[in-house]
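As stored in coords_13.cif (mmCIF, C-alpha atoms):
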```cif
data_start
loop_
_atom_site.label_atom_id
_atom_site.label_comp_id
_atom_site.auth_asym_id
_atom_site.auth_seq_id
_atom_site.Cartn_x
_atom_site.Cartn_y
_atom_site.Cartn_z
CA MET A 39 9.00 -21.64 -33.78
CA HIS A 40 9.61 -18.46 -31.75
CA TYR A 41 6.44 -16.75 -30.43
CA GLY A 42 7.42 -14.15 -27.88
CA CYS A 43 10.21 -13.42 -25.51
CA GLN A 44 11.25 -13.89 -21.96
CA SER A 45 12.51 -10.35 -21.46
CA MET A 46 10.76 -7.16 -20.51
CA VAL A 47 13.58 -4.90 -21.66
CA GLY A 48 14.15 -6.09 -25.23
CA THR A 49 12.66 -4.88 -28.49
CA ILE A 50 8.90 -5.39 -28.75
CA ASN A 51 7.82 -6.85 -32.08
CA ARG A 52 4.33 -8.02 -31.17
CA VAL A 53 1.84 -6.84 -28.55
CA ILE A 54 -1.71 -7.64 -27.46
CA SER A 55 -3.90 -4.75 -26.38
CA LYS A 56 -7.57 -4.12 -25.70
CA HIS A 57 -9.31 -0.99 -26.87
CA PRO A 58 -11.47 0.84 -24.30
CA ASP A 59 -14.42 0.42 -26.70
CA ASN A 60 -14.15 -3.33 -26.13
CA ALA A 61 -13.51 -3.20 -22.37
CA PHE A 62 -15.41 -0.20 -21.06
CA ILE A 63 -18.10 -0.39 -23.80
CA SER A 64 -19.75 2.91 -22.83
CA GLN A 65 -19.99 5.49 -20.06
CA ALA A 66 -23.28 3.88 -19.00
CA ASN A 67 -21.54 0.51 -18.64
CA ILE A 68 -18.74 2.09 -16.62
CA ASN A 69 -21.24 3.88 -14.37
CA GLN A 70 -23.07 0.62 -13.75
CA ASN A 71 -19.96 -1.48 -12.96
CA TRP A 72 -17.05 0.60 -11.62
CA GLU A 73 -17.85 0.05 -7.95
CA GLU A 74 -18.20 -3.72 -8.40
CA PHE A 75 -14.72 -3.76 -9.94
CA ASN A 76 -13.42 -1.84 -6.93
CA TYR A 77 -12.34 1.29 -8.80
CA ILE A 78 -11.93 4.41 -6.66
CA SER A 79 -14.07 6.36 -9.15
CA ALA A 80 -15.74 5.89 -12.52
CA PRO A 81 -13.34 6.28 -15.46
CA ASP A 82 -14.28 8.92 -18.02
CA TYR A 83 -15.08 6.96 -21.18
CA ALA A 84 -14.53 9.83 -23.64
CA ASN A 85 -11.19 10.70 -22.03
CA ALA A 86 -10.13 7.03 -22.08
CA LEU A 87 -10.83 6.94 -25.83
CA ARG A 88 -8.77 10.10 -26.41
CA GLU A 89 -5.86 8.82 -24.33
CA TYR A 90 -5.97 5.40 -25.97
CA GLU A 91 -5.85 6.96 -29.44
CA LYS A 92 -2.52 8.59 -28.52
CA PHE A 93 -1.26 5.33 -26.99
CA GLU A 94 -2.37 3.35 -30.04
CA ASN A 95 -0.49 5.74 -32.35
CA ILE A 96 2.68 5.10 -30.35
CA LEU A 97 2.12 1.33 -30.62
CA ARG A 98 1.51 1.45 -34.37
CA ASP A 99 4.52 3.72 -34.97
CA ASN A 100 6.90 1.44 -33.05
CA ILE A 101 5.62 -2.14 -33.04
CA PRO A 102 5.20 -4.16 -36.24
CA HIS A 103 2.39 -6.42 -34.98
CA VAL A 104 -0.41 -5.08 -32.77
CA HIS A 105 -3.21 -7.53 -31.93
CA TYR A 106 -6.44 -6.67 -30.17
CA LEU A 107 -8.57 -8.60 -27.74
CA PRO A 108 -12.17 -8.22 -28.94
CA ALA A 109 -15.23 -7.42 -26.87
CA ASN A 110 -16.38 -10.50 -24.99
CA ASN A 111 -19.46 -11.20 -22.86
CA HIS A 112 -17.27 -12.96 -20.26
CA THR A 113 -15.05 -9.95 -19.57
CA GLY A 114 -15.52 -6.65 -17.80
CA LEU A 115 -13.93 -3.26 -17.23
CA ASP A 116 -10.60 -4.71 -16.07
CA SER A 117 -10.09 -6.56 -19.34
CA ILE A 118 -8.42 -3.39 -20.61
CA TYR A 119 -5.39 -4.66 -18.64
CA ALA A 120 -4.56 -7.32 -21.24
CA HIS A 121 -1.17 -7.97 -19.63
CA ASP A 122 -2.66 -9.79 -16.64
CA THR A 123 -4.07 -12.99 -18.19
CA CYS A 124 -0.90 -14.64 -19.50
CA LYS A 125 2.81 -14.55 -20.15
CA ILE A 126 4.14 -15.25 -23.60
CA THR A 127 7.38 -17.18 -23.67
CA SER A 128 9.64 -17.89 -26.61
CA LYS A 129 7.81 -21.21 -27.07
CA GLY A 130 4.19 -20.20 -26.38
CA ALA A 131 1.82 -18.91 -23.70
CA ILE A 132 1.17 -19.69 -20.06
CA LEU A 133 -2.38 -18.70 -19.14
CA PHE A 134 -3.19 -17.33 -15.69
CA ASN A 135 -6.02 -17.91 -13.25
CA VAL A 136 -6.35 -14.28 -12.18
CA GLY A 137 -6.86 -13.44 -8.53
CA LYS A 138 -9.86 -11.14 -9.00
CA VAL A 139 -12.90 -13.40 -9.43
CA LEU A 140 -14.68 -10.86 -11.65
CA ARG A 141 -11.81 -11.23 -14.13
CA ARG A 142 -11.82 -15.01 -14.51
CA GLY A 143 -13.53 -14.92 -17.93
CA GLU A 144 -10.66 -12.91 -19.37
CA THR A 145 -8.33 -15.88 -19.52
CA GLN A 146 -10.62 -17.77 -21.90
CA ALA A 147 -10.96 -14.67 -24.09
CA THR A 148 -7.16 -14.46 -24.22
CA ARG A 149 -6.93 -18.18 -25.02
CA ALA A 150 -9.24 -17.71 -28.02
CA LEU A 151 -7.10 -14.89 -29.43
CA LEU A 152 -3.86 -16.79 -28.90
CA GLU A 153 -5.29 -19.85 -30.62
CA ASP A 154 -6.44 -17.66 -33.55
CA LEU A 155 -2.88 -16.30 -33.79
CA GLY A 156 -1.44 -19.83 -33.75
CA ILE A 157 0.39 -19.35 -30.44
CA PRO A 158 0.53 -22.64 -28.53
CA ILE A 159 -0.71 -22.84 -24.96
CA LEU A 160 2.12 -24.37 -22.89
CA GLY A 161 0.20 -24.49 -19.63
CA GLU A 162 -2.36 -22.85 -17.42
CA ILE A 163 -2.32 -21.83 -13.78
CA GLY A 164 -5.40 -23.46 -12.25
CA GLY A 165 -7.28 -24.73 -9.24
CA GLN A 166 -6.73 -22.59 -6.15
CA ALA A 167 -3.54 -21.16 -7.68
CA THR A 168 -3.72 -17.55 -8.85
CA MET A 169 -1.39 -15.35 -10.85
CA GLU A 170 -1.62 -12.00 -12.63
CA GLY A 171 0.79 -10.65 -15.22
CA GLY A 172 1.54 -7.49 -13.27
CA ASP A 173 3.16 -9.68 -10.62
CA VAL A 174 5.45 -11.52 -13.06
CA VAL A 175 8.56 -9.86 -14.52
CA TRP A 176 11.10 -11.40 -16.88
CA LEU A 177 14.50 -10.06 -15.82
CA ASP A 178 16.24 -11.87 -18.66
CA GLU A 179 15.67 -14.97 -20.81
CA LYS A 180 16.19 -17.34 -17.88
CA THR A 181 15.19 -15.31 -14.82
CA VAL A 182 11.65 -14.45 -13.76
CA ALA A 183 10.63 -12.58 -10.61
CA PHE A 184 7.25 -12.98 -8.91
CA GLY A 185 5.39 -10.66 -6.59
CA ARG A 186 3.42 -12.81 -4.15
CA GLY A 187 0.33 -11.19 -2.68
CA TYR A 188 -3.44 -11.06 -3.03
CA ARG A 189 -3.33 -11.48 -6.83
CA THR A 190 -0.56 -14.06 -7.13
CA ASN A 191 -0.29 -16.77 -4.51
CA ALA A 192 2.41 -19.34 -3.67
CA ALA A 193 0.50 -22.10 -5.48
CA GLY A 194 0.44 -20.00 -8.67
CA ILE A 195 4.17 -19.37 -8.44
CA GLN A 196 4.82 -23.09 -7.96
CA GLN A 197 2.64 -24.03 -10.94
CA PHE A 198 4.47 -21.49 -13.11
CA LYS A 199 7.82 -22.96 -12.07
CA ASP A 200 6.59 -26.50 -12.76
#
```
Using structure tokens, write down the structure that the file contains.
Amino acid sequence: MHYGCQSMVGTINRVISKHPDNAFISQANINQNWEEFNYISAPDYANALREYEKFENILRDNIPHVHYLPANNHTGLDSIYAHDTCKITSKGAILFNVGKVLRRGETQATRALLEDLGIPILGEIGGQATMEGGDVVWLDEKTVAFGRGYRTNAAGIQQFKD
């Protein structure tokens, strides 16, 4: 069965997103946590909701299947960046051990959604290896590029290749 794609330039038929309601929770939650997450300032919750509504309308108008990561006690403000916890291939998902320690609970939240959707887990970056989705780009169906740095290390890249 075909689950996703290995291209970042093709037609998008299915996407996973996270609503600010389920990541930021409230302005009080943002105010309490933004510094710990190393933001340069506190996001404006009401503005994030307004902006997301516009973004969500674009998604719904153009993508047949939009799935949402729910609120989760093991995630924080950064969980709004749903792209970072995995890559979906044509045969299933590869879950990532994200570099930012505060984000480590996000991978399990993503796993739960993928399992609910029936998407198989092909593998998981683990141990001391780290990887985040923003550092991984499919150039075409057979070529992937990695950005190695503080979020994605050499061990993570090797595990992905393996």
Would you kindly return, as a short mmCIF file (atom, residue, chain, number, x, y, z; two decimals) with C-alpha atoms, in the coordinates of the input, each protein, DNA or RNA residue with an atom no farther than 12 Å from any atom of Pro102 of chain A, considering all atoms listed in the file and excluding same-chain residues fewer than 3 positions away?
```cif
data_model
loop_
_atom_site.label_atom_id
_atom_site.label_comp_id
_atom_site.auth_asym_id
_atom_site.auth_seq_id
_atom_site.Cartn_x
_atom_site.Cartn_y
_atom_site.Cartn_z
CA THR A 49 12.66 -4.88 -28.49
CA ILE A 50 8.90 -5.39 -28.75
CA ASN A 51 7.82 -6.85 -32.08
CA ARG A 52 4.33 -8.02 -31.17
CA VAL A 53 1.84 -6.84 -28.55
CA ILE A 54 -1.71 -7.64 -27.46
CA ILE A 96 2.68 5.10 -30.35
CA LEU A 97 2.12 1.33 -30.62
CA ARG A 98 1.51 1.45 -34.37
CA ASP A 99 4.52 3.72 -34.97
CA HIS A 105 -3.21 -7.53 -31.93
#
```
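Put simply, the PyMOL selection byres ((chain A and resi 188-200) around 7) on this file hits Val136, Gly137, Lys138, Ile163, Ala167, Thr168, Met169, Glu170, Asp173, Gly185, Arg186 and Gly187 of chain A.
Atom CA of Asn95 of chain A is found 27.9 Å from atom CA of His112 of chain A.
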Would you compute the distance between atom CA of Leu87 of chain A and atom CA of Gly172 of chain A? Give it in Å to one decimal. 22.8 Å
Contacts of Ser117 of chain A within 12 Å, all atoms listed in the file, excl. fewer than 3 positions in-chain, as a PyMOL selection string: chain A and resi 54-63+75+106-114+120-123+136+138+140-148
Please dump the current selection as a JSON list (two decimals), in the coordinates of the input; keep C-alpha atoms.
```
[["chain", "number", "residue", "atom", "x", "y", "z"],
["A", 54, "ILE", "CA", -1.71, -7.64, -27.46],
["A", 55, "SER", "CA", -3.90, -4.75, -26.38],
["A", 56, "LYS", "CA", -7.57, -4.12, -25.70],
["A", 57, "HIS", "CA", -9.31, -0.99, -26.87],
["A", 58, "PRO", "CA", -11.47, 0.84, -24.30],
["A", 59, "ASP", "CA", -14.42, 0.42, -26.70],
["A", 60, "ASN", "CA", -14.15, -3.33, -26.13],
["A", 61, "ALA", "CA", -13.51, -3.20, -22.37],
["A", 62, "PHE", "CA", -15.41, -0.20, -21.06],
["A", 63, "ILE", "CA", -18.10, -0.39, -23.80],
["A", 75, "PHE", "CA", -14.72, -3.76, -9.94],
["A", 106, "TYR", "CA", -6.44, -6.67, -30.17],
["A", 107, "LEU", "CA", -8.57, -8.60, -27.74],
["A", 108, "PRO", "CA", -12.17, -8.22, -28.94],
["A", 109, "ALA", "CA", -15.23, -7.42, -26.87],
["A", 110, "ASN", "CA", -16.38, -10.50, -24.99],
["A", 111, "ASN", "CA", -19.46, -11.20, -22.86],
["A", 112, "HIS", "CA", -17.27, -12.96, -20.26],
["A", 113, "THR", "CA", -15.05, -9.95, -19.57],
["A", 114, "GLY", "CA", -15.52, -6.65, -17.80],
["A", 120, "ALA", "CA", -4.56, -7.32, -21.24],
["A", 121, "HIS", "CA", -1.17, -7.97, -19.63],
["A", 122, "ASP", "CA", -2.66, -9.79, -16.64],
["A", 123, "THR", "CA", -4.07, -12.99, -18.19],
["A", 136, "VAL", "CA", -6.35, -14.28, -12.18],
["A", 138, "LYS", "CA", -9.86, -11.14, -9.00],
["A", 140, "LEU", "CA", -14.68, -10.86, -11.65],
["A", 141, "ARG", "CA", -11.81, -11.23, -14.13],
["A", 142, "ARG", "CA", -11.82, -15.01, -14.51],
["A", 143, "GLY", "CA", -13.53, -14.92, -17.93],
["A", 144, "GLU", "CA", -10.66, -12.91, -19.37],
["A", 145, "THR", "CA", -8.33, -15.88, -19.52],
["A", 146, "GLN", "CA", -10.62, -17.77, -21.90],
["A", 147, "ALA", "CA", -10.96, -14.67, -24.09],
["A", 148, "THR", "CA", -7.16, -14.46, -24.22]]
```
How would you write, as a ChimeraX atom specification, the residues chosen by the PyMOL selection byres ((chain A and resi 46) around 7) on this structure? /A:44-45,47-48,175-177
Identify all residues satisfying the PyMOL selection byres ((chain A and resi 80) around 9) in the given file; provide them as a PyMOL selection string. chain A and resi 65+68-69+71-73+77-79+81-83
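Atom CA of Ala66 of chain A sits 18.9 Å away from atom CA of Glu89 of chain A.
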For segment 127-130 of chain A, list every protein, DNA or RNA residue within 12 Å, evaluated using only C-alpha atoms, and leave out those in the same chain fewer than 3 positions away; present the list as a PDB file with C-alpha atoms, keeping the file's coordinate frame.
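So the final result, stored in result.pdb, reads:
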```
ATOM      1  CA  MET A  39       9.000 -21.640 -33.780  1.00  0.00           C
ATOM      2  CA  HIS A  40       9.610 -18.460 -31.750  1.00  0.00           C
ATOM      3  CA  TYR A  41       6.440 -16.750 -30.430  1.00  0.00           C
ATOM      4  CA  GLY A  42       7.420 -14.150 -27.880  1.00  0.00           C
ATOM      5  CA  CYS A  43      10.210 -13.420 -25.510  1.00  0.00           C
ATOM      6  CA  GLN A  44      11.250 -13.890 -21.960  1.00  0.00           C
ATOM      7  CA  SER A  45      12.510 -10.350 -21.460  1.00  0.00           C
ATOM      8  CA  MET A  46      10.760  -7.160 -20.510  1.00  0.00           C
ATOM      9  CA  CYS A 124      -0.900 -14.640 -19.500  1.00  0.00           C
ATOM     10  CA  LEU A 133      -2.380 -18.700 -19.140  1.00  0.00           C
ATOM     11  CA  ARG A 149      -6.930 -18.180 -25.020  1.00  0.00           C
ATOM     12  CA  LEU A 152      -3.860 -16.790 -28.900  1.00  0.00           C
ATOM     13  CA  GLU A 153      -5.290 -19.850 -30.620  1.00  0.00           C
ATOM     14  CA  LEU A 155      -2.880 -16.300 -33.790  1.00  0.00           C
ATOM     15  CA  GLY A 156      -1.440 -19.830 -33.750  1.00  0.00           C
ATOM     16  CA  ILE A 157       0.390 -19.350 -30.440  1.00  0.00           C
ATOM     17  CA  PRO A 158       0.530 -22.640 -28.530  1.00  0.00           C
ATOM     18  CA  ILE A 159      -0.710 -22.840 -24.960  1.00  0.00           C
ATOM     19  CA  LEU A 160       2.120 -24.370 -22.890  1.00  0.00           C
ATOM     20  CA  GLY A 161       0.200 -24.490 -19.630  1.00  0.00           C
ATOM     21  CA  GLU A 162      -2.360 -22.850 -17.420  1.00  0.00           C
ATOM     22  CA  VAL A 175       8.560  -9.860 -14.520  1.00  0.00           C
ATOM     23  CA  TRP A 176      11.100 -11.400 -16.880  1.00  0.00           C
ATOM     24  CA  ASP A 178      16.240 -11.870 -18.660  1.00  0.00           C
ATOM     25  CA  GLU A 179      15.670 -14.970 -20.810  1.00  0.00           C
ATOM     26  CA  LYS A 180      16.190 -17.340 -17.880  1.00  0.00           C
ATOM     27  CA  THR A 181      15.190 -15.310 -14.820  1.00  0.00           C
ATOM     28  CA  VAL A 182      11.650 -14.450 -13.760  1.00  0.00           C
ATOM     29  CA  PHE A 198       4.470 -21.490 -13.110  1.00  0.00           C
TER      30      PHE A 198
END
```
Nearest residue to Gly164 of chain A out of A:Tyr90, A:Tyr119, A:Phe184, A:Phe134, using all atoms listed in the file? A:Phe134
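If all atoms listed in the file are the atoms counted, then among A:Val174, A:Asn67, A:Ala86, A:Ala183 the closest residue to Lys125 of chain A is A:Val174.
The nearest approach to Gln166 of chain A among the residues A:Asn100, A:Val139, A:Leu115, A:Ala150, with all atoms listed in the file taken into account, belongs to A:Val139.
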Complete segment 179-190 of chain A with all heavy atoms (output as a compact mmCIF listing (two decimals), in the frame of the given file).
```txt
# COMPACT_ATOMS: atom_id res chain seq x y z
N GLU A 179 16.24 -13.77 -20.18
CA GLU A 179 15.67 -14.97 -20.81
C GLU A 179 15.51 -16.17 -19.86
O GLU A 179 14.73 -17.06 -20.13
CB GLU A 179 16.52 -15.39 -22.01
CG GLU A 179 16.40 -14.47 -23.20
CD GLU A 179 15.07 -14.58 -23.92
OE1 GLU A 179 14.55 -15.70 -24.08
OE2 GLU A 179 14.54 -13.53 -24.34
N LYS A 180 16.24 -16.18 -18.78
CA LYS A 180 16.19 -17.34 -17.88
C LYS A 180 15.78 -17.00 -16.46
O LYS A 180 15.71 -17.88 -15.61
CB LYS A 180 17.56 -18.03 -17.84
CG LYS A 180 17.94 -18.61 -19.19
CD LYS A 180 19.26 -19.32 -19.13
CE LYS A 180 19.57 -19.85 -20.52
NZ LYS A 180 20.75 -20.64 -20.56
N THR A 181 15.49 -15.72 -16.18
CA THR A 181 15.19 -15.31 -14.82
C THR A 181 13.86 -14.58 -14.77
O THR A 181 13.66 -13.59 -15.48
CB THR A 181 16.28 -14.38 -14.27
OG1 THR A 181 17.57 -14.98 -14.48
CG2 THR A 181 16.07 -14.11 -12.79
N VAL A 182 12.96 -15.09 -13.94
CA VAL A 182 11.65 -14.45 -13.76
C VAL A 182 11.47 -14.14 -12.28
O VAL A 182 11.88 -14.92 -11.42
CB VAL A 182 10.51 -15.33 -14.32
CG1 VAL A 182 10.39 -16.65 -13.58
CG2 VAL A 182 9.18 -14.60 -14.33
N ALA A 183 10.91 -12.97 -11.99
CA ALA A 183 10.63 -12.58 -10.61
C ALA A 183 9.12 -12.53 -10.41
O ALA A 183 8.38 -12.13 -11.31
CB ALA A 183 11.24 -11.22 -10.31
N PHE A 184 8.67 -12.96 -9.23
CA PHE A 184 7.25 -12.98 -8.91
C PHE A 184 6.97 -12.09 -7.71
O PHE A 184 7.74 -12.07 -6.76
CB PHE A 184 6.80 -14.40 -8.52
CG PHE A 184 7.01 -15.42 -9.59
CD1 PHE A 184 8.14 -16.22 -9.58
CD2 PHE A 184 6.08 -15.59 -10.60
CE1 PHE A 184 8.35 -17.17 -10.56
CE2 PHE A 184 6.28 -16.53 -11.59
CZ PHE A 184 7.42 -17.34 -11.57
N GLY A 185 5.88 -11.39 -7.76
CA GLY A 185 5.39 -10.66 -6.59
C GLY A 185 4.27 -11.49 -5.99
O GLY A 185 3.25 -11.72 -6.65
N ARG A 186 4.45 -11.99 -4.79
CA ARG A 186 3.42 -12.81 -4.15
C ARG A 186 2.55 -11.91 -3.28
O ARG A 186 3.05 -11.11 -2.49
CB ARG A 186 4.05 -13.89 -3.29
CG ARG A 186 3.05 -14.87 -2.73
CD ARG A 186 3.72 -16.03 -2.07
NE ARG A 186 4.65 -15.56 -1.06
CZ ARG A 186 4.68 -15.98 0.18
NH1 ARG A 186 3.86 -16.90 0.59
NH2 ARG A 186 5.55 -15.49 1.03
N GLY A 187 1.25 -12.02 -3.43
CA GLY A 187 0.33 -11.19 -2.68
C GLY A 187 -1.10 -11.63 -2.91
O GLY A 187 -1.36 -12.81 -3.16
N TYR A 188 -2.02 -10.71 -2.90
CA TYR A 188 -3.44 -11.06 -3.03
C TYR A 188 -3.83 -11.46 -4.45
O TYR A 188 -4.84 -12.11 -4.64
CB TYR A 188 -4.34 -9.94 -2.50
CG TYR A 188 -4.32 -8.67 -3.32
CD1 TYR A 188 -5.28 -8.45 -4.29
CD2 TYR A 188 -3.35 -7.69 -3.12
CE1 TYR A 188 -5.28 -7.30 -5.04
CE2 TYR A 188 -3.34 -6.54 -3.86
CZ TYR A 188 -4.31 -6.34 -4.82
OH TYR A 188 -4.30 -5.19 -5.57
N ARG A 189 -3.02 -11.10 -5.45
CA ARG A 189 -3.33 -11.48 -6.83
C ARG A 189 -2.58 -12.71 -7.30
O ARG A 189 -3.04 -13.44 -8.17
CB ARG A 189 -3.03 -10.32 -7.78
CG ARG A 189 -3.80 -9.07 -7.47
CD ARG A 189 -3.54 -7.94 -8.43
NE ARG A 189 -2.16 -7.83 -8.86
CZ ARG A 189 -1.77 -7.18 -9.94
NH1 ARG A 189 -2.66 -6.58 -10.71
NH2 ARG A 189 -0.50 -7.09 -10.27
N THR A 190 -1.40 -12.91 -6.76
CA THR A 190 -0.56 -14.06 -7.13
C THR A 190 -0.18 -14.77 -5.84
O THR A 190 0.46 -14.19 -4.97
CB THR A 190 0.70 -13.58 -7.87
OG1 THR A 190 0.29 -12.94 -9.10
CG2 THR A 190 1.64 -14.72 -8.18
```
